Every structure is written in structure tokens, then in C-alpha cells.
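Heads up, data.pdb below (PDB, C-alpha atoms):
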```pdb
MODEL        1
ATOM      1  CA  MET R 161      15.023 -19.768   1.860
ATOM      2  CA  VAL R 162      13.243 -17.325  -0.431
ATOM      3  CA  ARG R 163      14.232 -13.709   0.135
ATOM      4  CA  TYR R 164      11.519 -11.063   0.315
ATOM      5  CA  ALA R 165      12.052  -7.408  -0.546
ATOM      6  CA  ALA R 166       9.930  -6.421   2.487
ATOM      7  CA  GLN R 167      11.909  -8.622   4.897
ATOM      8  CA  GLN R 168      12.010  -5.873   7.540
ATOM      9  CA  LEU R 169       8.217  -6.150   7.970
ATOM     10  CA  PHE R 170       8.474  -9.700   9.359
ATOM     11  CA  SER R 171       9.305  -8.673  12.939
ATOM     12  CA  THR R 172       6.020 -10.247  14.136
ATOM     13  CA  PRO R 173       5.609 -13.465  12.115
ATOM     14  CA  ASP R 174       2.524 -14.533  14.090
ATOM     15  CA  LYS R 175       0.706 -11.417  12.828
ATOM     16  CA  THR R 176       2.057 -11.512   9.262
ATOM     17  CA  ALA R 177       0.937 -13.552   6.241
ATOM     18  CA  ILE R 178       3.011 -13.584   3.067
ATOM     19  CA  SER R 179       2.717 -14.879  -0.478
ATOM     20  CA  ARG R 180       5.038 -14.696  -3.458
ATOM     21  CA  ARG R 181       5.049 -15.622  -7.136
ATOM     22  CA  THR R 182       7.815 -15.294  -9.697
ATOM     23  CA  ASP R 183       7.868 -14.885 -13.469
ATOM     24  CA  ILE R 184       4.183 -14.041 -13.812
ATOM     25  CA  ARG R 185       3.383 -13.654 -17.510
ATOM     26  CA  THR R 186       1.567 -10.367 -17.116
ATOM     27  CA  SER R 187       2.680  -6.852 -17.981
ATOM     28  CA  PHE R 188       5.027  -5.444 -15.347
ATOM     29  CA  LYS R 189       3.725  -1.911 -15.857
ATOM     30  CA  ASN R 190       0.056  -2.838 -15.539
ATOM     31  CA  THR R 191       0.704  -5.050 -12.502
ATOM     32  CA  HIS R 192       2.686  -2.233 -10.863
ATOM     33  CA  GLU R 193      -0.264   0.142 -11.216
ATOM     34  CA  VAL R 194      -2.766  -2.413  -9.873
ATOM     35  CA  ALA R 195      -0.574  -3.029  -6.822
ATOM     36  CA  ALA R 196      -0.125   0.706  -6.217
ATOM     37  CA  ALA R 197      -3.893   1.222  -6.303
ATOM     38  CA  ILE R 198      -4.629  -1.184  -3.438
ATOM     39  CA  GLN R 199      -1.454  -0.666  -1.427
ATOM     40  CA  GLY R 200      -1.308   3.017  -0.639
ATOM     41  CA  LEU R 201      -3.684   5.113  -2.736
ATOM     42  CA  ARG R 202      -6.342   6.869  -0.678
ATOM     43  CA  LEU R 203      -9.668   7.927  -2.089
ATOM     44  CA  VAL R 204     -10.108  11.667  -2.514
ATOM     45  CA  SER R 205     -13.159  11.538  -0.255
ATOM     46  CA  SER R 206     -11.175   9.857   2.518
ATOM     47  CA  PRO R 207     -10.265  12.146   5.465
ATOM     48  CA  ALA R 208      -6.870  10.418   5.719
ATOM     49  CA  HIS R 209      -5.938  11.356   2.133
ATOM     50  CA  THR R 210      -3.276  13.891   3.140
ATOM     51  CA  LYS R 211      -2.420  12.500   6.577
ATOM     52  CA  HIS R 212      -1.349   9.199   5.019
ATOM     53  CA  LEU R 213       1.404  10.910   3.015
ATOM     54  CA  THR R 214       3.114  12.237   6.172
ATOM     55  CA  LEU R 215       3.494   8.838   7.853
ATOM     56  CA  PRO R 216       6.822   6.949   7.787
ATOM     57  CA  LEU R 217       6.981   4.156   5.222
ATOM     58  CA  LEU R 218       6.872   1.328   7.779
ATOM     59  CA  GLU R 219       3.748   2.784   9.451
ATOM     60  CA  ARG R 220       1.685   3.062   6.266
ATOM     61  CA  LEU R 221      -1.120   0.609   5.740
ATOM     62  CA  GLY R 222      -2.944  -0.115   2.520
ATOM     63  CA  TRP R 223      -6.546  -1.118   2.070
ATOM     64  CA  LYS R 224      -8.343  -3.780   4.033
ATOM     65  CA  LEU R 225      -8.313  -7.108   2.255
ATOM     66  CA  GLN R 226     -12.080  -7.275   1.773
ATOM     67  CA  LYS R 227     -12.096  -3.737   0.348
ATOM     68  CA  ALA R 228      -9.367  -4.719  -2.121
ATOM     69  CA  TYR R 229     -11.419  -7.756  -3.200
ATOM     70  CA  THR R 230     -14.437  -5.543  -3.873
ATOM     71  CA  TYR R 231     -12.370  -3.054  -5.873
ATOM     72  CA  LEU R 232     -10.614  -5.678  -8.005
ATOM     73  CA  GLU R 233     -13.883  -7.469  -8.756
ATOM     74  CA  GLY R 234     -15.278  -4.110  -9.886
ATOM     75  CA  VAL R 235     -12.317  -3.686 -12.241
ATOM     76  CA  LEU R 236     -12.972  -7.136 -13.727
ATOM     77  CA  GLN R 237     -16.553  -6.065 -14.421
ATOM     78  CA  PHE R 238     -15.345  -2.752 -15.933
ATOM     79  CA  GLN R 239     -17.274  -0.773 -13.300
ATOM     80  CA  ARG R 240     -14.133   0.719 -11.717
ATOM     81  CA  ALA R 241     -10.749   1.528 -13.252
ATOM     82  CA  VAL R 242      -7.091   1.366 -12.208
ATOM     83  CA  PRO R 243      -5.403   4.802 -12.170
ATOM     84  CA  MET R 244      -2.246   4.870 -14.286
ATOM     85  CA  ARG R 245       0.049   7.187 -12.331
ATOM     86  CA  ARG R 246       3.591   6.313 -13.409
ATOM     87  CA  PHE R 247       3.371   4.321 -16.630
ATOM     88  CA  ASN R 248       0.757   6.505 -18.307
ATOM     89  CA  GLY R 249       2.216   7.309 -21.706
ATOM     90  CA  GLY R 250      -0.542   7.187 -24.308
ATOM     91  CA  VAL R 251      -3.137   6.047 -21.767
ATOM     92  CA  GLY R 252      -6.660   7.336 -22.340
ATOM     93  CA  ARG R 253      -8.756   9.227 -19.841
ATOM     94  CA  THR R 254     -11.757   7.893 -17.977
ATOM     95  CA  ALA R 255     -14.087   9.346 -15.360
ATOM     96  CA  GLN R 256     -13.891   6.152 -13.289
ATOM     97  CA  VAL R 257     -10.550   7.196 -11.734
ATOM     98  CA  LYS R 258     -11.904  10.457 -10.323
ATOM     99  CA  GLU R 259     -12.237   8.727  -6.966
ATOM    100  CA  PHE R 260      -8.415   8.606  -6.810
ATOM    101  CA  GLY R 261      -7.887  12.165  -8.038
ATOM    102  CA  TYR R 262      -6.435  11.093 -11.409
ATOM    103  CA  THR R 263      -7.658  11.213 -15.001
ATOM    104  CA  GLN R 264      -5.867   8.363 -16.826
ATOM    105  CA  GLY R 265      -6.911   4.795 -16.199
ATOM    106  CA  ARG R 266      -7.256   1.301 -17.630
ATOM    107  CA  TRP R 267      -8.780  -2.115 -16.892
ATOM    108  CA  PRO R 268      -5.821  -4.576 -16.870
ATOM    109  CA  VAL R 269      -7.823  -7.787 -16.423
ATOM    110  CA  LYS R 270      -4.880 -10.193 -16.604
ATOM    111  CA  SER R 271      -2.877  -8.304 -13.937
ATOM    112  CA  VAL R 272      -5.941  -7.998 -11.692
ATOM    113  CA  ARG R 273      -6.514 -11.749 -11.802
ATOM    114  CA  ALA R 274      -2.869 -12.404 -10.905
ATOM    115  CA  ILE R 275      -3.048 -10.040  -7.911
ATOM    116  CA  LEU R 276      -6.354 -11.571  -6.794
ATOM    117  CA  ALA R 277      -4.832 -15.055  -6.820
ATOM    118  CA  LEU R 278      -1.896 -13.874  -4.688
ATOM    119  CA  LEU R 279      -4.166 -12.127  -2.181
ATOM    120  CA  LYS R 280      -6.292 -15.255  -1.780
ATOM    121  CA  ASN R 281      -3.169 -17.345  -1.282
ATOM    122  CA  ALA R 282      -1.909 -14.957   1.405
ATOM    123  CA  GLU R 283      -5.344 -15.030   3.067
ATOM    124  CA  ALA R 284      -5.194 -18.836   3.166
ATOM    125  CA  ASN R 285      -1.758 -18.619   4.784
ATOM    126  CA  ALA R 286      -3.184 -16.231   7.386
ATOM    127  CA  ASP R 287      -6.065 -18.608   8.089
ATOM    128  CA  ASN R 288      -3.543 -21.398   8.586
ATOM    129  CA  LYS R 289      -1.887 -19.218  11.286
ATOM    130  CA  ASN R 290      -5.262 -18.705  13.005
ATOM    131  CA  MET R 291      -5.276 -15.000  12.174
ATOM    132  CA  LYS R 292      -8.544 -13.094  11.861
ATOM    133  CA  THR R 293      -8.981 -12.916   8.101
ATOM    134  CA  GLU R 294     -11.726 -10.272   8.295
ATOM    135  CA  ASP R 295      -9.267  -7.821   9.905
ATOM    136  CA  LEU R 296      -6.367  -8.332   7.478
ATOM    137  CA  VAL R 297      -4.769  -5.236   5.967
ATOM    138  CA  ILE R 298      -2.441  -5.039   2.963
ATOM    139  CA  LYS R 299       0.892  -3.912   4.376
ATOM    140  CA  SER R 300       3.063  -4.244   1.294
ATOM    141  CA  ILE R 301       2.890  -5.318  -2.335
ATOM    142  CA  VAL R 302       6.190  -5.341  -4.211
ATOM    143  CA  VAL R 303       6.247  -5.716  -8.002
ATOM    144  CA  GLN R 304       9.618  -6.194  -9.679
ATOM    145  CA  GLN R 305      10.670  -6.762 -13.261
ATOM    146  CA  ALA R 306      11.577 -10.301 -14.295
ATOM    147  CA  PRO R 307      13.905 -11.286 -17.157
ATOM    148  CA  LYS R 308      12.212 -10.510 -20.458
ATOM    149  CA  ASN R 309      10.862 -13.264 -22.657
ATOM    150  CA  ARG R 310      12.600 -12.757 -25.987
ATOM    151  CA  ARG R 311      10.697 -14.122 -28.960
ATOM    152  CA  ARG R 312      10.373 -13.190 -32.617
ATOM    153  CA  THR R 313       7.549 -12.518 -35.026
ATOM    154  CA  TYR R 314       7.788 -12.872 -38.791
ATOM    155  CA  ARG R 315       6.801  -9.958 -40.974
ATOM    156  CA  ALA R 316       6.317  -9.369 -44.660
ATOM    157  CA  HIS R 317       9.181  -9.338 -47.151
ATOM    158  CA  GLY R 318      11.316 -11.711 -45.065
ATOM    159  CA  ARG R 319      11.696  -9.384 -42.072
ATOM    160  CA  ILE R 320      11.816 -10.429 -38.394
ATOM    161  CA  ASN R 321      10.809  -8.190 -35.487
ATOM    162  CA  PRO R 322      11.288  -8.705 -31.735
ATOM    163  CA  TYR R 323       8.259 -10.000 -29.841
ATOM    164  CA  ASN R 324       9.223  -9.650 -26.187
ATOM    165  CA  GLY R 325       7.255 -10.193 -22.998
ATOM    166  CA  ASN R 326       7.671  -8.226 -19.751
ATOM    167  CA  PRO R 327       6.899 -10.607 -16.861
ATOM    168  CA  CYS R 328       7.199  -9.670 -13.194
ATOM    169  CA  HIS R 329       7.768 -10.957  -9.667
ATOM    170  CA  VAL R 330       5.102 -10.083  -7.070
ATOM    171  CA  GLU R 331       5.099 -10.489  -3.302
ATOM    172  CA  VAL R 332       2.281  -9.663  -0.872
ATOM    173  CA  VAL R 333       2.424  -9.008   2.881
ATOM    174  CA  LEU R 334      -0.777  -9.002   4.953
ATOM    175  CA  VAL R 335      -0.889  -7.967   8.606
ATOM    176  CA  THR R 336      -3.436  -7.509  11.344
ATOM    177  CA  PRO R 337      -3.728  -3.834  12.337
ATOM    178  CA  PRO R 338      -2.026  -2.927  15.624
ATOM    179  CA  GLU R 339      -4.167  -2.410  18.684
ATOM    180  CA  VAL R 340      -4.751   1.215  19.627
ATOM    181  CA  VAL R 341      -3.801   1.802  23.259
ATOM    182  CA  PRO R 342      -5.542   4.813  24.883
ATOM    183  CA  ARG R 343      -3.271   7.505  26.191
ATOM    184  CA  ASN R 344      -2.778   7.682  29.948
ATOM    185  CA  LYS R 345      -4.729  10.669  31.235
ATOM    186  CA  ASP R 346      -3.030  10.585  34.648
ATOM    187  CA  ARG R 347       0.390  11.218  33.155
ATOM    188  CA  ASP R 348       2.383  14.011  34.770
ATOM    189  CA  PRO R 349       2.592  16.889  32.226
ATOM    190  CA  LEU R 350       5.967  17.984  33.649
ATOM    191  CA  LYS R 351       7.574  14.567  33.286
ATOM    192  CA  GLY R 352      10.314  14.363  30.666
ATOM    193  CA  LEU R 353      10.825  18.118  30.310
ATOM    194  CA  SER R 354      14.267  19.702  30.322
ATOM    195  CA  ARG R 355      15.425  22.044  33.098
ATOM    196  CA  VAL R 356      14.828  25.112  30.958
ATOM    197  CA  ARG R 357      11.276  24.070  30.151
ATOM    198  CA  LEU R 358      10.572  23.212  33.791
ATOM    199  CA  ALA R 359      11.771  26.664  34.825
ATOM    200  CA  ARG R 360       9.492  28.278  32.249
ATOM    201  CA  LYS R 361       6.548  26.209  33.439
ATOM    202  CA  ARG R 362       7.160  27.241  37.052
ATOM    203  CA  THR R 363       7.413  30.892  36.034
ATOM    204  CA  LEU R 364       4.105  30.707  34.151
ATOM    205  CA  LEU R 365       2.386  29.012  37.084
ATOM    206  CA  LEU R 366       3.695  31.662  39.493
ATOM    207  CA  GLN R 367       2.509  34.455  37.209
ATOM    208  CA  GLN R 368      -0.944  32.871  36.898
ATOM    209  CA  GLY R 369      -1.140  32.537  40.680
ATOM    210  CA  GLU R 370      -0.213  36.188  41.195
ATOM    211  CA  LYS R 371      -2.920  37.318  38.746
ATOM    212  CA  LYS R 372      -5.551  35.288  40.613
ATOM    213  CA  ASP R 373      -4.467  36.835  43.938
ATOM    214  CA  GLU R 374      -4.764  40.335  42.493
ATOM    215  CA  GLU R 375      -8.280  39.628  41.270
TER
ENDMDL
END
```
Give the structure from this file in C-alpha cells form.
Amino acid sequence: MVRYAAQQLFSTPDKTAISRRTDIRTSFKNTHEVAAAIQGLRLVSSPAHTKHLTLPLLERLGWKLQKAYTYLEGVLQFQRAVPMRRFNGGVGRTAQVKEFGYTQGRWPVKSVRAILALLKNAEANADNKNMKTEDLVIKSIVVQQAPKNRRRTYRAHGRINPYNGNPCHVEVVLVTPPEVVPRNKDRDPLKGLSRVRLARKRTLLLQQGEKKDEE
């Protein structure tokens, strides 16, 4: 059985769709940045931009699948850019990444096409499980380095230089968002309090009652 890095997310297999590909001949660094853009980055204009950072890791959700498709297609048409947050040495600046709150960005077409193919494969797996594909959300995208492809290139004057590739392994996890259950309004506000807190509550209620009697 293939092992997934996000194995702990598979507690509800009927609501989870997965896809995985190994030794993809695309740049690990570029693919990492593309995955980070659609997994957890919030737009600056989004009201959940700061709230998202305070959530535990297992409760974080990335973009909706259809939103990720729209964004990646825009990158392929050079209308939107991928923010380079971690691997940004020598990367130029572009105004297209202002929506993420960054300045450096690129258009890694080859990595975007690889991620798009994986997302479509995971969507097909979800459809095979009778999941609602229009509600799918990207829960996790893990990009890991693969063994380097070591080649050589021949230079002038009889020299030989290394000509290495940096492939990667990518896995995608799609889930359906959990149902929001409304809070019970008839819940007893004193239930679950400690003895000290109950005593304080009673004291406050008595004091409020005495003030009303005096009035």
C-alpha cells in the first residue's frame, strides 16, 4: 500500500479523495510554491486572512477546487502570478502578486500543469465515490523532493559540467467541508462551571437582585 504523508487526514474515507504522483519532472521549488498558493494562502482582501493563521493545522482548509482551477488557468494565461515566498532568491517582482500581499512572483507553467492534472485526477476519484464535486475543498497538498536526475553537459575546451534535474513527489487530498451545526440556544449557561465559578455567579445574581429591590 502506498503511504501518504497526510495519512492522519483519512479518518473519514467516504468524504476524502486522494491522488498521488511520484518523480514528476518539474522543478521542486516551483511546484512547492504553486501548491502553497492554492493550499493555504488567503487573499489580502479576504476577511479570514488573519483568522486562518490561528487555526490548528488539521482544521485549516485551502481553496475550493473550482477556485483553484480558475486561478491556475489564469497563471497559464499569464494573467495571474504565483507568489514566491520561500524559494525567492533572484526572483523578479510583479504587481500580479499584490492580491497575496507579496511582491515576488513567477509563472511556472510546467508545475501548474502537473498540479492541474493531479487535481483533476483527485476530482475523478471523488466522483467515483459519489461525492459532490462542486463542494470539494483542497485539504492538503504535499510536495517532497525526489532523487535528483544526474546528467552531464559538455562544454568548451573538453570540460564537463553537471546537468541535474530536481523532480518531486506530489500528493493531493480533497475533502467535503464539514457541516456547520448551530449552537444550542437552550443550553444552561451554568452547566460545566467549577464550584468557584458557580459561587461567583450566584454572588453576582444576588447583588443584581438586591440592586433591583433598592430601585
Open item on the list: Neighbouring residues of stretch 331-345 of chain R were defined as those with any atom within 9 Å, considering all atoms listed in the file; residues of the same chain fewer than 5 positions away were excluded. Please report them as a ChimeraX atom specification.
Closed with: /R:164-166,169-170,175-182,221,225,275,278-279,282-283,286,291-293,295-304
With C-alpha atoms retained, could you export that selection as a CSV table (one decimal), keeping the file's coordinate frame?
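As a result, selection.csv now contains:
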```
chain,number,residue,atom,x,y,z
R,164,TYR,CA,11.5,-11.1,0.3
R,165,ALA,CA,12.1,-7.4,-0.5
R,166,ALA,CA,9.9,-6.4,2.5
R,169,LEU,CA,8.2,-6.2,8.0
R,170,PHE,CA,8.5,-9.7,9.4
R,175,LYS,CA,0.7,-11.4,12.8
R,176,THR,CA,2.1,-11.5,9.3
R,177,ALA,CA,0.9,-13.6,6.2
R,178,ILE,CA,3.0,-13.6,3.1
R,179,SER,CA,2.7,-14.9,-0.5
R,180,ARG,CA,5.0,-14.7,-3.5
R,181,ARG,CA,5.0,-15.6,-7.1
R,182,THR,CA,7.8,-15.3,-9.7
R,221,LEU,CA,-1.1,0.6,5.7
R,225,LEU,CA,-8.3,-7.1,2.3
R,275,ILE,CA,-3.0,-10.0,-7.9
R,278,LEU,CA,-1.9,-13.9,-4.7
R,279,LEU,CA,-4.2,-12.1,-2.2
R,282,ALA,CA,-1.9,-15.0,1.4
R,283,GLU,CA,-5.3,-15.0,3.1
R,286,ALA,CA,-3.2,-16.2,7.4
R,291,MET,CA,-5.3,-15.0,12.2
R,292,LYS,CA,-8.5,-13.1,11.9
R,293,THR,CA,-9.0,-12.9,8.1
R,295,ASP,CA,-9.3,-7.8,9.9
R,296,LEU,CA,-6.4,-8.3,7.5
R,297,VAL,CA,-4.8,-5.2,6.0
R,298,ILE,CA,-2.4,-5.0,3.0
R,299,LYS,CA,0.9,-3.9,4.4
R,300,SER,CA,3.1,-4.2,1.3
R,301,ILE,CA,2.9,-5.3,-2.3
R,302,VAL,CA,6.2,-5.3,-4.2
R,303,VAL,CA,6.2,-5.7,-8.0
R,304,GLN,CA,9.6,-6.2,-9.7
```
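For the choices R:Ala255, R:Val235, R:Leu358, R:Cys328, the atom-to-atom distance to R:His192 is smallest for R:Cys328 when using all atoms listed in the file.
Across R:Ala195, R:Ile184, R:Ala277, R:Ala241, the tightest approach to R:Lys308 is made by R:Ile184 when counting all atoms listed in the file.
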- [ ] Kindly give the distance, in Å, that separates atom CA of R:Leu276 and atom CA of R:Tyr323, rounded to a single decimal.
- [x]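 Taking atom CA of R:Leu276 and atom CA of R:Tyr323, their separation equals 27.3 Å.
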Open item on the list: Just to confirm, what's the straight-line distance from atom CA of R:Phe238 to atom CA of R:Gly222 in Å (one decimal)?
Closed with: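 It comes out at 22.4 Å.
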TODO: Could you please determine the separation between atom CA of R:Val269 and atom CA of R:Pro243 in Å, to one decimal place?
DONE: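 Between these atoms lies a distance of 13.5 Å.
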TODO: Taking the point (-5.9, -8.1, -11.2) as given in the file, collect each protein or nucleic acid residue that comes within 8 Å of it, counting only C-alpha atoms, and present the set as a PyMOL selection string.
DONE: chain R and resi 191+194+232+235-236+268-276
TODO: List, as a PyMOL selection string, every residue that the PyMOL selection byres ((chain R and resi 247-254) around 9) selects in the file provided.
DONE: chain R and resi 189-190+192-193+241+243-246+255-258+262-266
Open item on the list: Using all atoms listed in the file for the distances, tell me which of R:Gln368, R:Thr313, R:Ser354, R:Gln305 is nearest to R:Asp183.
Closed with: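 Using all atoms listed in the file, R:Asp183 sits closest to R:Gln305.
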Where atoms are lacking, stretch 258-287 of chain R completed to N, CA and C atoms, as an mmCIF file, in the frame of the given file:
```cif
data_model
loop_
_atom_site.group_PDB
_atom_site.id
_atom_site.type_symbol
_atom_site.label_atom_id
_atom_site.label_comp_id
_atom_site.auth_asym_id
_atom_site.auth_seq_id
_atom_site.Cartn_x
_atom_site.Cartn_y
_atom_site.Cartn_z
ATOM 1 N N LYS R 258 -11.755 9.214 -11.080
ATOM 2 C CA LYS R 258 -11.904 10.457 -10.323
ATOM 3 C C LYS R 258 -11.856 10.213 -8.820
ATOM 4 N N GLU R 259 -12.245 9.027 -8.398
ATOM 5 C CA GLU R 259 -12.237 8.727 -6.966
ATOM 6 C C GLU R 259 -10.819 8.736 -6.395
ATOM 7 N N PHE R 260 -9.801 8.561 -7.254
ATOM 8 C CA PHE R 260 -8.415 8.606 -6.810
ATOM 9 C C PHE R 260 -7.768 9.971 -7.050
ATOM 10 N N GLY R 261 -8.470 10.866 -7.739
ATOM 11 C CA GLY R 261 -7.887 12.165 -8.038
ATOM 12 C C GLY R 261 -7.023 12.164 -9.285
ATOM 13 N N TYR R 262 -7.209 11.175 -10.170
ATOM 14 C CA TYR R 262 -6.435 11.093 -11.409
ATOM 15 C C TYR R 262 -7.391 11.088 -12.604
ATOM 16 N N THR R 263 -6.832 11.177 -13.791
ATOM 17 C CA THR R 263 -7.658 11.213 -15.001
ATOM 18 C C THR R 263 -7.413 10.037 -15.933
ATOM 19 N N GLN R 264 -6.207 9.457 -15.914
ATOM 20 C CA GLN R 264 -5.867 8.363 -16.826
ATOM 21 C C GLN R 264 -6.047 7.020 -16.132
ATOM 22 N N GLY R 265 -6.684 6.095 -16.807
ATOM 23 C CA GLY R 265 -6.911 4.795 -16.199
ATOM 24 C C GLY R 265 -7.165 3.714 -17.225
ATOM 25 N N ARG R 266 -7.033 2.465 -16.769
ATOM 26 C CA ARG R 266 -7.256 1.301 -17.630
ATOM 27 C C ARG R 266 -7.894 0.174 -16.822
ATOM 28 N N TRP R 267 -8.176 -0.943 -17.506
ATOM 29 C CA TRP R 267 -8.780 -2.115 -16.892
ATOM 30 C C TRP R 267 -7.905 -3.332 -17.196
ATOM 31 N N PRO R 268 -6.737 -3.465 -16.573
ATOM 32 C CA PRO R 268 -5.821 -4.576 -16.870
ATOM 33 C C PRO R 268 -6.306 -5.876 -16.237
ATOM 34 N N VAL R 269 -7.150 -6.599 -16.961
ATOM 35 C CA VAL R 269 -7.823 -7.787 -16.423
ATOM 36 C C VAL R 269 -6.816 -8.867 -16.037
ATOM 37 N N LYS R 270 -5.827 -9.109 -16.865
ATOM 38 C CA LYS R 270 -4.880 -10.193 -16.604
ATOM 39 C C LYS R 270 -4.076 -9.916 -15.332
ATOM 40 N N SER R 271 -3.629 -8.660 -15.144
ATOM 41 C CA SER R 271 -2.877 -8.304 -13.937
ATOM 42 C C SER R 271 -3.757 -8.374 -12.700
ATOM 43 N N VAL R 272 -5.021 -7.964 -12.834
ATOM 44 C CA VAL R 272 -5.941 -7.998 -11.692
ATOM 45 C C VAL R 272 -6.166 -9.432 -11.236
ATOM 46 N N ARG R 273 -6.310 -10.348 -12.172
ATOM 47 C CA ARG R 273 -6.514 -11.749 -11.802
ATOM 48 C C ARG R 273 -5.283 -12.331 -11.107
ATOM 49 N N ALA R 274 -4.094 -11.924 -11.552
ATOM 50 C CA ALA R 274 -2.869 -12.404 -10.905
ATOM 51 C C ALA R 274 -2.766 -11.883 -9.474
ATOM 52 N N ILE R 275 -3.096 -10.611 -9.255
ATOM 53 C CA ILE R 275 -3.048 -10.040 -7.911
ATOM 54 C C ILE R 275 -4.107 -10.685 -7.019
ATOM 55 N N LEU R 276 -5.298 -10.924 -7.573
ATOM 56 C CA LEU R 276 -6.354 -11.571 -6.794
ATOM 57 C C LEU R 276 -5.931 -12.964 -6.323
ATOM 58 N N ALA R 277 -5.280 -13.716 -7.194
ATOM 59 C CA ALA R 277 -4.832 -15.055 -6.820
ATOM 60 C C ALA R 277 -3.806 -14.999 -5.698
ATOM 61 N N LEU R 278 -2.898 -14.011 -5.742
ATOM 62 C CA LEU R 278 -1.896 -13.874 -4.688
ATOM 63 C C LEU R 278 -2.535 -13.478 -3.363
ATOM 64 N N LEU R 279 -3.500 -12.551 -3.413
ATOM 65 C CA LEU R 279 -4.166 -12.127 -2.181
ATOM 66 C C LEU R 279 -4.918 -13.293 -1.530
ATOM 67 N N LYS R 280 -5.571 -14.117 -2.337
ATOM 68 C CA LYS R 280 -6.292 -15.255 -1.780
ATOM 69 C C LYS R 280 -5.327 -16.282 -1.200
ATOM 70 N N ASN R 281 -4.166 -16.428 -1.818
ATOM 71 C CA ASN R 281 -3.169 -17.345 -1.282
ATOM 72 C C ASN R 281 -2.632 -16.841 0.053
ATOM 73 N N ALA R 282 -2.374 -15.532 0.140
ATOM 74 C CA ALA R 282 -1.909 -14.957 1.405
ATOM 75 C C ALA R 282 -2.983 -15.057 2.486
ATOM 76 N N GLU R 283 -4.250 -14.894 2.094
ATOM 77 C CA GLU R 283 -5.344 -15.030 3.067
ATOM 78 C C GLU R 283 -5.416 -16.462 3.593
ATOM 79 N N ALA R 284 -5.199 -17.443 2.727
ATOM 80 C CA ALA R 284 -5.194 -18.836 3.166
ATOM 81 C C ALA R 284 -4.040 -19.095 4.130
ATOM 82 N N ASN R 285 -2.884 -18.474 3.865
ATOM 83 C CA ASN R 285 -1.758 -18.619 4.784
ATOM 84 C C ASN R 285 -2.074 -17.999 6.142
ATOM 85 N N ALA R 286 -2.792 -16.867 6.125
ATOM 86 C CA ALA R 286 -3.184 -16.231 7.386
ATOM 87 C C ALA R 286 -4.173 -17.101 8.146
ATOM 88 N N ASP R 287 -5.100 -17.721 7.438
ATOM 89 C CA ASP R 287 -6.065 -18.608 8.089
ATOM 90 C C ASP R 287 -5.373 -19.814 8.696
#
```
